[in-house]
Protein chains: 2
Amino acid sequence: MTDGRSPVMADVARIAGVSHQTVSRVLNHHPNVKATTRDRVLAAIEELGYRRNLSARALVTRRTNTLGVVAFDTTLYGPASTLFGLEQAARDAGYFISIVSLKTINRKTVGEALDYLAAQAVDGLIAIAPQVEAAAAVSALRGTVPVVAVEGGEAGGMPVVAVDQLRGAELATRHLLDLGHRTVWHVAGPVDWLEAEGRRRGWRNTLEAAGVEVPPVVEGDWSPRSGYEAGRRIADDARAGRATAVFVSNDQMALGLLRALHEARIRVPQDVSIAGFDDIPEAEFLTPPLTTVRQDFAEVGRKSIALLLDLIESGPGPEAERIVVPPTLVTRASTAGPATT
Amino acid sequence: MTDGRSPVMADVARIAGVSHQTVSRVLNHHPNVKATTRDRVLAAIEELGYRRNLSARALVTRRTNTLGVVAFDTTLYGPASTLFGLEQAARDAGYFISIVSLKTINRKTVGEALDYLAAQAVDGLIAIAPQVEAAAAVSALRGTVPVVAVEGGEAGGMPVVAVDQLRGAELATRHLLDLGHRTVWHVAGPVDWLEAEGRRRGWRNTLEAAGVEVPPVVEGDWSPRSGYEAGRRIADDARAGRATAVFVSNDQMALGLLRALHEARIRVPQDVSIAGFDDIPEAEFLTPPLTTVRQDFAEVGRKSIALLLDLIESGPGPEAERIVVPPTLVTRASTAGPATT
DNA sequence: ACTTGTTGTGTGAACGTTAACAAACGGGCT
DNA sequence: AGCCCGTTTGTTAACGTTCACACAACAAGT
């Protein structure tokens, strides 16, 4: 600071009266350093305000202490929360994180993202790869560097940490059936999203297990607008009493659907019950408050980092691990028993 | 790949029949390289799949090509969008980004975050520092490394890129007055947030300029819940006809407020008009669709990165720059003229 | 007294790049 | 021819760590 350059190990060594190697040992918590020496070194470090140069370190250790994250549309509540959880967990573990968030997912953009992270020589990679396509693209990279997929389905036998989408969908659907509804309709997410697919399967399985009719699926794209459009499509069936309960694949679409039903003068939950997925902060304050499935994104973040670090330390296990985080059902006013006609 | 290590410059040089320095020159687009030589080098790079080692490069250039970002609660729509914009802009400019997102902001956590980024020797720093406290903490670091604040108020004379909060608040308040409301109430964000303060000032200024009465401010914490509570507090005044228009400092609180008014059987916009701030994707599909102020977060991201890179390249200008991005009013069904009694 | 092992420390040599300088080459001038 | 100057290339030395090894000091066993 005072003199031109920032201090280096040799400066610390000189002040502490030891060799640079001893300083290195102190910094790396090597056991064989005498306590008094260690103290002198630490004092010198303190005095100079010394910080070790990570580039030099990375050069020789071939480890950058950086993890790469490929994410998609991080303004959505789910991905944003996952990212937040990942960042916290990585920092706690002493790793840096480098993020690429993509606007659109296809082989080209994912390929570029991986290139970008490869250029940084990340020690490991987390792919928030909720789309079939993306998961495949990431899977192709495996071998070069350890990869963990978040919400990644079973694509390509990668290690995966994911919320149990099937279970979540089952919770919501079961809940609606238990309230007495003859069947449950479904507004799904985009076909190429793994989470959408999981929720759709969980919903269908539950209906089939209960031996009830499976209504046609209405498909959306996660946006409130698409939920709104789905609502207009479902309105007629609701008025005719064919649709009395709807499980919507995320809360944003559920919000749009609520709007459409309101416009159609269909009451929730008296005429139609609605359940969503995600438990966004707004869910509790919609009209009516939304029954939904809550995901523990922070836990997903922690588990992902833990798994990735394990992969980095000890190499890949014999079997690609699949860690599942259980979701919980949050019951609110948007679901009730069907009207007794 | 095939042999143990990944290729280095010397390998490329050998294949191309030149010295490693020439390879370096090609990589750095040095002008004085013969075209044929350049082609041979590029071919060798291609053949080996060579990537340059950024740690080694950073070691000698003292530049990491990494920008640090300190953010706060990146699951909120605003910060998440800003982050997204920053990331895109940085990548386009050939920089990496390292993020720290904090759960709570105070001198300690911000200090730790800055330490963390300093350890990485970032070339520059972007602080999404929407709180007075945070802005101060970041400001203290200036001098070591170029810093740009996003939404940072005028704190400490730092260069700032921000949406014009005053103007946004003025647009919303003006709009409500123009509709014929006698005055406009306000649900504000937390006092220590600069954006909240800006919107509050813009609101107050507009009322005072119009020479109308300034109602008491109701304070929230950005959450839907606090908006809901604010709504319950305002309900009485609304019923009594004292409050016919409310400007809410963000859309999430507006959502909660809508819920509270609905419960109190107060109609929007017939009895009370509501305007929000942010234009979250949900705003259009609330009941009723929300009039709000839209911020161009992508633009803020681009401008911030541009300013920071400028600072890095050419050093600080004589004056701390302040770049302002204009917001726009989006008119929807939640605002209308007052009931004609 | 002599080995043997353990603990603490120092000495060089990497790691892979860029910076600084030097040198070879050629063309255009006196 | 001899000289100068710009272009192109090569050589050597950093950059600041960690790693591999050597070595000293000392304790404990034969």
# chains A, B, ... in the order shown; residues from 1 in each chain; ligands from 1
call {"tool": "interface_residues", "arguments": {"of": "chain B", "to": "chain D", "cutoff": "9 Å", "atoms": "only C-alpha atoms (C1' of nucleotides)", "output": "ChimeraX atom specification"}}
result
/B:18-19,21-22,32-34,56,58-62
call {"tool": "write_last_selection", "arguments": {"atoms": "C-alpha atoms", "output": "PDB file, in the first residue's frame"}}
result
ATOM      1  CA  VAL B  18       7.491 -20.688 -33.711  1.00  0.00           C
ATOM      2  CA  SER B  19       8.411 -19.473 -30.234  1.00  0.00           C
ATOM      3  CA  GLN B  21       6.069 -15.641 -27.454  1.00  0.00           C
ATOM      4  CA  THR B  22       4.678 -15.578 -30.964  1.00  0.00           C
ATOM      5  CA  ASN B  32       3.047  -7.350 -35.681  1.00  0.00           C
ATOM      6  CA  VAL B  33       2.537 -10.947 -36.643  1.00  0.00           C
ATOM      7  CA  LYS B  34       2.739 -12.059 -40.232  1.00  0.00           C
ATOM      8  CA  ALA B  56      -0.751 -17.781 -15.244  1.00  0.00           C
ATOM      9  CA  ALA B  58      -3.428 -13.120 -14.186  1.00  0.00           C
ATOM     10  CA  LEU B  59      -0.233 -13.737 -12.258  1.00  0.00           C
ATOM     11  CA  VAL B  60       1.829 -11.691 -14.641  1.00  0.00           C
ATOM     12  CA  THR B  61      -0.697  -9.108 -15.802  1.00  0.00           C
ATOM     13  CA  ARG B  62      -2.123  -8.450 -12.361  1.00  0.00           C
TER      14      ARG B  62
END
call {"tool": "calpha_fit_and_write", "arguments": {"fixed": "chain A", "moving": "chain B", "output": "compact mmCIF listing (two decimals) with C-alpha atoms, in the first residue's frame"}}
result
# COMPACT_ATOMS: atom_id res chain seq x y z
CA MET B 1 -0.02 -0.05 0.18
CA THR B 2 2.44 2.57 1.38
CA ASP B 3 5.15 1.41 -1.01
CA GLY B 4 4.27 0.58 -4.59
CA ARG B 5 3.25 -3.06 -4.57
CA SER B 6 1.13 -5.08 -2.26
CA PRO B 7 3.16 -7.37 -0.01
CA VAL B 8 4.07 -10.90 -1.03
CA MET B 9 5.11 -13.96 0.87
CA ALA B 10 8.75 -13.00 0.80
CA ASP B 11 7.95 -9.74 2.58
CA VAL B 12 6.13 -11.58 5.31
CA ALA B 13 8.99 -14.06 5.55
CA ARG B 14 11.57 -11.31 5.97
CA ILE B 15 9.64 -9.62 8.76
CA ALA B 16 8.97 -12.87 10.57
CA GLY B 17 12.56 -13.97 10.11
CA VAL B 18 11.69 -17.21 8.36
CA SER B 19 11.68 -18.53 4.80
CA HIS B 20 8.77 -17.96 2.44
CA GLN B 21 8.07 -21.67 2.56
CA THR B 22 7.35 -21.49 6.26
CA VAL B 23 4.89 -18.70 5.58
CA SER B 24 3.25 -20.93 3.00
CA ARG B 25 3.05 -23.72 5.54
CA VAL B 26 1.37 -21.50 8.08
CA LEU B 27 -1.14 -20.35 5.50
CA ASN B 28 -1.96 -23.91 4.50
CA HIS B 29 -2.21 -25.15 8.07
CA HIS B 30 0.62 -27.54 7.69
CA PRO B 31 0.98 -29.41 11.01
CA ASN B 32 4.74 -29.22 11.36
CA VAL B 33 5.25 -25.62 12.32
CA LYS B 34 6.33 -24.66 15.80
CA ALA B 35 3.69 -22.65 17.64
CA THR B 36 5.97 -19.70 18.30
CA THR B 37 7.02 -19.55 14.65
CA ARG B 38 3.42 -19.67 13.55
CA ASP B 39 2.58 -16.77 15.82
CA ARG B 40 5.44 -14.68 14.49
CA VAL B 41 4.32 -15.34 10.92
CA LEU B 42 0.70 -14.53 11.68
CA ALA B 43 1.79 -11.31 13.35
CA ALA B 44 3.79 -10.34 10.26
CA ILE B 45 0.84 -11.14 8.01
CA GLU B 46 -1.36 -8.98 10.15
CA GLU B 47 1.18 -6.16 10.22
CA LEU B 48 1.55 -6.04 6.46
CA GLY B 49 -2.07 -6.74 5.64
CA TYR B 50 -0.81 -9.54 3.46
CA ARG B 51 -3.21 -11.52 1.26
CA ARG B 52 -2.04 -14.46 -0.71
CA ASN B 53 -2.19 -14.24 -4.47
CA LEU B 54 -4.73 -16.78 -5.63
CA SER B 55 -3.60 -16.68 -9.24
CA ALA B 56 -0.13 -17.78 -8.29
CA ARG B 57 -1.59 -20.43 -6.07
CA ALA B 58 -3.95 -21.69 -8.76
CA LEU B 59 -1.09 -21.77 -11.24
CA VAL B 60 0.84 -24.29 -9.22
CA THR B 61 -1.96 -26.25 -7.57
CA ARG B 62 -4.09 -26.49 -10.69
CA ARG B 63 -7.10 -25.72 -8.57
CA THR B 64 -9.00 -22.45 -8.95
CA ASN B 65 -11.29 -22.89 -5.97
CA THR B 66 -14.08 -21.79 -8.23
CA LEU B 67 -17.28 -23.59 -9.08
CA GLY B 68 -19.21 -22.81 -12.21
CA VAL B 69 -22.97 -22.53 -12.31
CA VAL B 70 -25.03 -22.64 -15.45
CA ALA B 71 -28.49 -21.28 -14.80
CA PHE B 72 -31.52 -20.36 -16.79
CA ASP B 73 -33.74 -17.33 -16.41
CA THR B 74 -32.62 -16.39 -12.95
CA THR B 75 -35.40 -13.87 -12.57
CA LEU B 76 -37.89 -16.68 -11.97
CA TYR B 77 -38.46 -17.35 -8.29
CA GLY B 78 -37.33 -20.98 -8.36
CA PRO B 79 -34.01 -20.57 -10.14
CA ALA B 80 -33.26 -17.35 -8.25
CA SER B 81 -33.81 -19.11 -4.94
CA THR B 82 -31.72 -22.08 -5.96
CA LEU B 83 -28.93 -19.79 -7.05
CA PHE B 84 -29.08 -17.98 -3.75
CA GLY B 85 -28.85 -21.28 -1.88
CA LEU B 86 -25.93 -22.41 -4.02
CA GLU B 87 -24.04 -19.22 -3.49
CA GLN B 88 -24.41 -19.37 0.29
CA ALA B 89 -23.35 -22.99 0.45
CA ALA B 90 -20.36 -22.49 -1.81
CA ARG B 91 -19.12 -19.52 0.16
CA ASP B 92 -19.46 -21.44 3.40
CA ALA B 93 -17.34 -24.17 1.87
CA GLY B 94 -14.65 -21.68 0.86
CA TYR B 95 -15.35 -21.81 -2.84
CA PHE B 96 -15.98 -19.02 -5.30
CA ILE B 97 -18.82 -19.16 -7.73
CA SER B 98 -18.98 -18.09 -11.32
CA ILE B 99 -22.37 -17.87 -12.91
CA VAL B 100 -23.65 -17.92 -16.43
CA SER B 101 -27.33 -17.26 -16.79
CA LEU B 102 -28.89 -17.96 -20.11
CA LYS B 103 -31.84 -16.29 -21.71
CA THR B 104 -32.56 -19.18 -23.98
CA ILE B 105 -31.48 -22.77 -23.69
CA ASN B 106 -30.28 -24.72 -26.65
CA ARG B 107 -27.24 -26.67 -27.59
CA LYS B 108 -25.46 -23.55 -28.79
CA THR B 109 -26.02 -21.29 -25.80
CA VAL B 110 -25.32 -24.06 -23.33
CA GLY B 111 -22.18 -24.95 -25.25
CA GLU B 112 -20.99 -21.36 -25.10
CA ALA B 113 -21.73 -21.19 -21.41
CA LEU B 114 -19.69 -24.30 -20.76
CA ASP B 115 -16.87 -22.91 -22.88
CA TYR B 116 -16.94 -19.76 -20.85
CA LEU B 117 -16.69 -21.68 -17.62
CA ALA B 118 -14.07 -24.03 -19.00
CA ALA B 119 -11.98 -20.99 -19.87
CA GLN B 120 -12.03 -20.19 -16.18
CA ALA B 121 -10.88 -23.68 -15.34
CA VAL B 122 -13.57 -24.19 -12.74
CA ASP B 123 -13.00 -27.10 -10.37
CA GLY B 124 -16.56 -28.29 -10.74
CA LEU B 125 -19.81 -27.45 -12.36
CA ILE B 126 -23.38 -27.13 -11.23
CA ALA B 127 -26.00 -27.16 -13.92
CA ILE B 128 -29.40 -25.85 -13.08
CA ALA B 129 -30.59 -27.78 -16.05
CA PRO B 130 -34.32 -27.97 -15.87
CA GLN B 131 -34.76 -28.71 -19.53
CA VAL B 132 -34.24 -32.00 -21.28
CA GLU B 133 -32.11 -30.34 -23.93
CA ALA B 134 -29.91 -28.54 -21.44
CA ALA B 135 -29.36 -31.62 -19.36
CA ALA B 136 -28.22 -33.46 -22.45
CA ALA B 137 -25.82 -30.71 -23.44
CA VAL B 138 -24.28 -30.61 -20.00
CA SER B 139 -24.10 -34.35 -19.80
CA ALA B 140 -21.93 -34.35 -22.90
CA LEU B 141 -19.28 -32.41 -21.01
CA ARG B 142 -18.90 -34.94 -18.24
CA GLY B 143 -15.49 -36.46 -17.83
CA THR B 144 -13.58 -33.22 -18.15
CA VAL B 145 -14.76 -31.84 -14.87
CA PRO B 146 -17.12 -33.02 -12.11
CA VAL B 147 -20.71 -32.04 -12.76
CA VAL B 148 -23.81 -32.04 -10.61
CA ALA B 149 -27.22 -31.33 -12.05
CA VAL B 150 -29.86 -29.52 -10.08
CA GLU B 151 -33.40 -30.50 -10.92
CA GLY B 152 -31.88 -32.48 -13.69
CA GLY B 153 -34.06 -35.53 -14.08
CA GLU B 154 -32.28 -38.81 -14.74
CA ALA B 155 -30.71 -37.53 -17.93
CA GLY B 156 -27.48 -39.22 -18.90
CA GLY B 157 -26.75 -40.78 -15.54
CA MET B 158 -25.41 -37.55 -14.03
CA PRO B 159 -25.37 -37.06 -10.28
CA VAL B 160 -28.49 -35.09 -9.47
CA VAL B 161 -29.96 -33.13 -6.61
CA ALA B 162 -33.62 -32.41 -7.02
CA VAL B 163 -36.85 -31.72 -5.27
CA ASP B 164 -39.11 -34.71 -5.47
CA GLN B 165 -41.49 -33.36 -8.07
CA LEU B 166 -43.55 -36.52 -8.27
CA ARG B 167 -44.12 -36.46 -4.56
CA GLY B 168 -45.08 -32.79 -4.65
CA ALA B 169 -47.58 -33.29 -7.41
CA GLU B 170 -48.95 -36.28 -5.57
CA LEU B 171 -49.39 -34.24 -2.37
CA ALA B 172 -51.38 -31.59 -4.19
CA THR B 173 -53.49 -33.98 -6.24
CA ARG B 174 -54.14 -36.29 -3.29
CA HIS B 175 -55.17 -33.27 -1.21
CA LEU B 176 -57.74 -32.25 -3.82
CA LEU B 177 -59.11 -35.78 -4.16
CA ASP B 178 -59.32 -36.12 -0.40
CA LEU B 179 -61.44 -32.99 -0.31
CA GLY B 180 -63.98 -34.92 -2.32
CA HIS B 181 -63.32 -33.82 -5.89
CA ARG B 182 -64.21 -36.43 -8.51
CA THR B 183 -61.02 -35.70 -10.40
CA VAL B 184 -58.31 -33.05 -10.76
CA TRP B 185 -57.42 -31.04 -13.84
CA HIS B 186 -53.86 -30.02 -14.58
CA VAL B 187 -52.15 -26.98 -16.08
CA ALA B 188 -48.68 -28.19 -16.94
CA GLY B 189 -45.39 -26.45 -17.64
CA PRO B 190 -43.55 -26.69 -20.97
CA VAL B 191 -43.07 -30.30 -22.13
CA ASP B 192 -39.31 -29.98 -22.38
CA TRP B 193 -38.92 -29.00 -18.74
CA LEU B 194 -38.06 -31.89 -16.48
CA GLU B 195 -39.87 -30.39 -13.52
CA ALA B 196 -43.01 -29.95 -15.59
CA GLU B 197 -42.76 -33.54 -16.68
CA GLY B 198 -42.26 -34.77 -13.12
CA ARG B 199 -45.26 -32.88 -11.83
CA ARG B 200 -47.37 -34.10 -14.69
CA ARG B 201 -46.38 -37.69 -13.99
CA GLY B 202 -47.04 -37.32 -10.29
CA TRP B 203 -50.46 -35.90 -11.01
CA ARG B 204 -51.34 -38.61 -13.51
CA ASN B 205 -50.06 -41.42 -11.30
CA THR B 206 -52.16 -40.22 -8.41
CA LEU B 207 -55.30 -40.04 -10.52
CA GLU B 208 -54.71 -43.46 -11.96
CA ALA B 209 -53.97 -44.95 -8.57
CA ALA B 210 -57.26 -43.52 -7.37
CA GLY B 211 -58.98 -44.99 -10.37
CA VAL B 212 -60.51 -41.74 -11.50
CA GLU B 213 -60.82 -40.19 -14.92
CA VAL B 214 -57.76 -38.27 -16.24
CA PRO B 215 -58.82 -34.96 -17.82
CA PRO B 216 -56.91 -33.46 -20.75
CA VAL B 217 -53.76 -31.54 -19.85
CA VAL B 218 -53.63 -27.82 -20.50
CA GLU B 219 -50.12 -26.66 -21.23
CA GLY B 220 -48.52 -23.35 -20.24
CA ASP B 221 -45.03 -21.85 -20.24
CA TRP B 222 -44.72 -20.94 -16.53
CA SER B 223 -45.74 -17.31 -17.13
CA PRO B 224 -48.75 -15.67 -15.49
CA ARG B 225 -50.01 -14.94 -18.97
CA SER B 226 -50.08 -18.58 -19.97
CA GLY B 227 -51.89 -19.39 -16.74
CA TYR B 228 -54.42 -16.75 -17.61
CA GLU B 229 -54.97 -18.30 -21.02
CA ALA B 230 -55.26 -21.74 -19.48
CA GLY B 231 -57.87 -20.34 -17.14
CA ARG B 232 -59.96 -19.07 -20.00
CA ARG B 233 -59.79 -22.45 -21.61
CA ILE B 234 -60.83 -24.22 -18.43
CA ALA B 235 -63.59 -21.73 -17.58
CA ASP B 236 -66.24 -23.49 -19.68
CA ASP B 237 -65.57 -26.86 -18.12
CA ALA B 238 -65.67 -25.23 -14.72
CA ARG B 239 -69.03 -23.62 -15.39
CA ALA B 240 -70.36 -26.93 -16.61
CA GLY B 241 -69.22 -28.54 -13.37
CA ARG B 242 -66.77 -30.81 -15.14
CA ALA B 243 -63.73 -29.11 -13.67
CA THR B 244 -63.97 -28.55 -9.92
CA ALA B 245 -60.29 -28.80 -9.01
CA VAL B 246 -57.10 -27.76 -10.80
CA PHE B 247 -53.51 -28.52 -9.95
CA VAL B 248 -51.33 -25.87 -11.60
CA SER B 249 -47.66 -26.63 -12.20
CA ASN B 250 -46.38 -23.36 -10.70
CA ASP B 251 -47.69 -20.44 -8.68
CA GLN B 252 -47.22 -17.81 -11.35
CA MET B 253 -49.53 -19.64 -13.71
CA ALA B 254 -51.94 -20.27 -10.85
CA LEU B 255 -52.02 -16.52 -10.34
CA GLY B 256 -52.94 -15.93 -13.96
CA LEU B 257 -55.51 -18.66 -13.76
CA LEU B 258 -57.10 -17.08 -10.71
CA ARG B 259 -57.37 -13.88 -12.68
CA ALA B 260 -59.08 -15.61 -15.61
CA LEU B 261 -61.56 -17.39 -13.34
CA HIS B 262 -62.31 -14.15 -11.56
CA GLU B 263 -63.09 -12.50 -14.89
CA ALA B 264 -65.32 -15.43 -15.78
CA ARG B 265 -67.13 -14.96 -12.46
CA ILE B 266 -66.13 -18.39 -11.29
CA ARG B 267 -65.50 -18.42 -7.57
CA VAL B 268 -62.42 -19.96 -5.95
CA PRO B 269 -62.71 -22.20 -3.99
CA GLN B 270 -66.52 -22.44 -4.01
CA ASP B 271 -66.77 -23.38 -7.70
CA VAL B 272 -63.21 -24.47 -8.40
CA SER B 273 -60.32 -25.37 -6.11
CA ILE B 274 -56.80 -24.37 -7.18
CA ALA B 275 -53.44 -25.68 -6.01
CA GLY B 276 -50.08 -24.38 -7.21
CA PHE B 277 -46.40 -25.24 -6.87
CA ASP B 278 -43.41 -23.26 -5.48
CA ASP B 279 -44.90 -21.24 -2.64
CA ILE B 280 -43.71 -17.90 -3.94
CA PRO B 281 -43.86 -15.13 -1.32
CA GLU B 282 -46.96 -13.75 -3.02
CA ALA B 283 -48.93 -17.00 -2.74
CA GLU B 284 -50.23 -16.29 0.73
CA PHE B 285 -51.68 -12.94 -0.31
CA LEU B 286 -53.44 -13.80 -3.51
CA THR B 287 -57.21 -13.70 -3.68
CA PRO B 288 -57.81 -16.25 -2.41
CA PRO B 289 -54.57 -17.30 -0.67
CA LEU B 290 -53.09 -20.14 -2.66
CA THR B 291 -52.68 -23.73 -1.56
CA THR B 292 -49.33 -24.79 -2.95
CA VAL B 293 -46.32 -27.07 -2.69
CA ARG B 294 -43.27 -25.62 -1.02
CA GLN B 295 -39.75 -26.48 -2.14
CA ASP B 296 -36.72 -26.04 0.07
CA PHE B 297 -34.35 -24.36 -2.35
CA ALA B 298 -31.73 -23.57 0.25
CA GLU B 299 -31.50 -27.24 1.07
CA VAL B 300 -31.15 -28.10 -2.60
CA GLY B 301 -28.29 -25.59 -2.83
CA ARG B 302 -26.50 -27.04 0.17
CA LYS B 303 -26.91 -30.64 -0.93
CA SER B 304 -25.71 -29.81 -4.44
CA ILE B 305 -22.55 -28.12 -3.28
CA ALA B 306 -21.87 -30.90 -0.79
CA LEU B 307 -22.25 -33.52 -3.50
CA LEU B 308 -20.08 -31.62 -5.96
CA LEU B 309 -17.29 -31.09 -3.44
CA ASP B 310 -17.44 -34.75 -2.61
CA LEU B 311 -17.04 -35.56 -6.28
CA ILE B 312 -14.10 -33.18 -6.56
CA GLU B 313 -12.35 -34.56 -3.49
CA SER B 314 -12.93 -38.24 -3.89
CA GLY B 315 -13.72 -38.65 -7.55
CA PRO B 316 -16.91 -40.13 -8.94
CA GLY B 317 -18.52 -42.92 -6.98
CA PRO B 318 -19.38 -46.25 -8.59
CA GLU B 319 -22.93 -45.08 -9.12
CA ALA B 320 -24.26 -41.64 -10.06
CA GLU B 321 -25.93 -40.42 -6.93
CA ARG B 322 -29.43 -39.01 -6.91
CA ILE B 323 -30.35 -36.92 -3.90
CA VAL B 324 -33.97 -36.04 -3.43
CA VAL B 325 -35.34 -33.24 -1.29
CA PRO B 326 -38.92 -33.70 -0.10
CA PRO B 327 -41.46 -30.93 -0.70
CA THR B 328 -44.30 -30.01 1.64
CA LEU B 329 -47.91 -29.08 1.04
CA VAL B 330 -49.07 -25.68 2.28
CA THR B 331 -52.83 -25.61 2.59
CA ARG B 332 -54.59 -22.27 2.16
CA ALA B 333 -57.99 -20.94 1.15
CA SER B 334 -57.87 -21.72 -2.58
CA THR B 335 -58.80 -25.35 -1.99
CA ALA B 336 -62.02 -26.68 -0.47
CA GLY B 337 -64.51 -29.44 -0.98
CA PRO B 338 -66.67 -29.35 -4.13
CA ALA B 339 -70.01 -27.57 -4.11
CA THR B 340 -72.69 -29.94 -2.84
CA THR B 341 -75.26 -29.80 -5.58
call {"tool": "select_by_dssp", "arguments": {"residues": "segment 85-243 of chain B", "states": "alpha helix (DSSP H)", "output": "ChimeraX atom specification"}}
result
/B:85-92,107-119,132-139,165-178,194-210,224-239
call {"tool": "closest_residue", "arguments": {"among": "C:DC2, C:DA14, C:DA23, C:DC29", "to": "chain A", "atoms": "only C-alpha atoms (C1' of nucleotides)"}}
result
C:DA14
call {"tool": "select_by_dssp", "arguments": {"residues": "segment 88-333 of chain B", "states": "strand (DSSP E or B)", "output": "PyMOL selection string"}}
result
chain B and resi 96-102+124-128+131+147-150+160-163+185-188+193+217-219+245-248+273-275+278+291-294+322-325+328-330
call {"tool": "closest_atom_pairs", "arguments": {"of": "chain C", "to": "chain A", "cutoff": "9 Å", "atoms": "only C-alpha atoms (C1' of nucleotides)", "output": "tab-separated table"}}
result
residue	atom	partner	partner_atom	distance
C:DT7	C1'	A:Asn32	CA	6.6
C:DG8	C1'	A:Val33	CA	6.2
C:DT9	C1'	A:Thr22	CA	7.2
C:DG10	C1'	A:Ser19	CA	6.4
C:DA14	C1'	A:Val60	CA	8.1
C:DC15	C1'	A:Val60	CA	4.6
C:DG16	C1'	A:Leu59	CA	7.5
call {"tool": "write_last_selection", "arguments": {"atoms": "N, CA and C atoms (P, O5', C5', C4', C3', O3' and C1' of nucleotides)", "output": "compact mmCIF listing (two decimals), in the first residue's frame"}}
result
# COMPACT_ATOMS: atom_id res chain seq x y z
P DT C 7 5.89 -36.26 14.95
O5' DT C 7 6.62 -34.86 14.97
C5' DT C 7 7.28 -34.43 16.15
C4' DT C 7 8.16 -33.27 15.80
C3' DT C 7 7.44 -32.14 15.05
O3' DT C 7 7.53 -30.97 15.84
C1' DT C 7 9.52 -32.64 14.06
P DG C 8 6.71 -29.68 15.50
O5' DG C 8 7.76 -28.84 14.66
C5' DG C 8 8.78 -28.15 15.35
C4' DG C 8 9.81 -27.70 14.35
C3' DG C 8 9.36 -26.57 13.41
O3' DG C 8 10.07 -25.41 13.79
C1' DG C 8 10.60 -28.26 12.27
P DT C 9 9.73 -24.04 13.11
O5' DT C 9 10.59 -24.07 11.79
C5' DT C 9 11.99 -23.87 11.89
C4' DT C 9 12.67 -24.17 10.58
C3' DT C 9 12.34 -23.24 9.42
O3' DT C 9 13.28 -22.19 9.41
C1' DT C 9 12.73 -25.52 8.77
P DG C 10 13.30 -21.09 8.26
O5' DG C 10 14.14 -21.79 7.12
C5' DG C 10 15.50 -22.13 7.37
C4' DG C 10 16.12 -22.77 6.15
C3' DG C 10 16.10 -21.90 4.89
O3' DG C 10 17.39 -21.96 4.29
C1' DG C 10 15.11 -24.01 4.43
P DA C 14 12.73 -27.87 -12.69
O5' DA C 14 11.90 -26.52 -12.90
C5' DA C 14 10.69 -26.51 -13.61
C4' DA C 14 9.58 -27.10 -12.79
C3' DA C 14 8.22 -26.67 -13.33
O3' DA C 14 7.45 -27.81 -13.61
C1' DA C 14 8.54 -25.90 -11.06
P DC C 15 6.65 -27.88 -14.94
O5' DC C 15 5.37 -26.98 -14.67
C5' DC C 15 4.44 -27.30 -13.66
C4' DC C 15 3.54 -26.11 -13.41
C3' DC C 15 3.23 -25.32 -14.68
O3' DC C 15 2.02 -25.81 -15.22
C1' DC C 15 3.69 -23.90 -12.77
P DG C 16 2.00 -26.12 -16.82
O5' DG C 16 1.74 -24.67 -17.46
C5' DG C 16 0.51 -24.03 -17.18
C4' DG C 16 0.59 -22.60 -17.62
C3' DG C 16 0.94 -22.43 -19.10
O3' DG C 16 0.04 -21.48 -19.64
C1' DG C 16 2.36 -21.13 -17.78
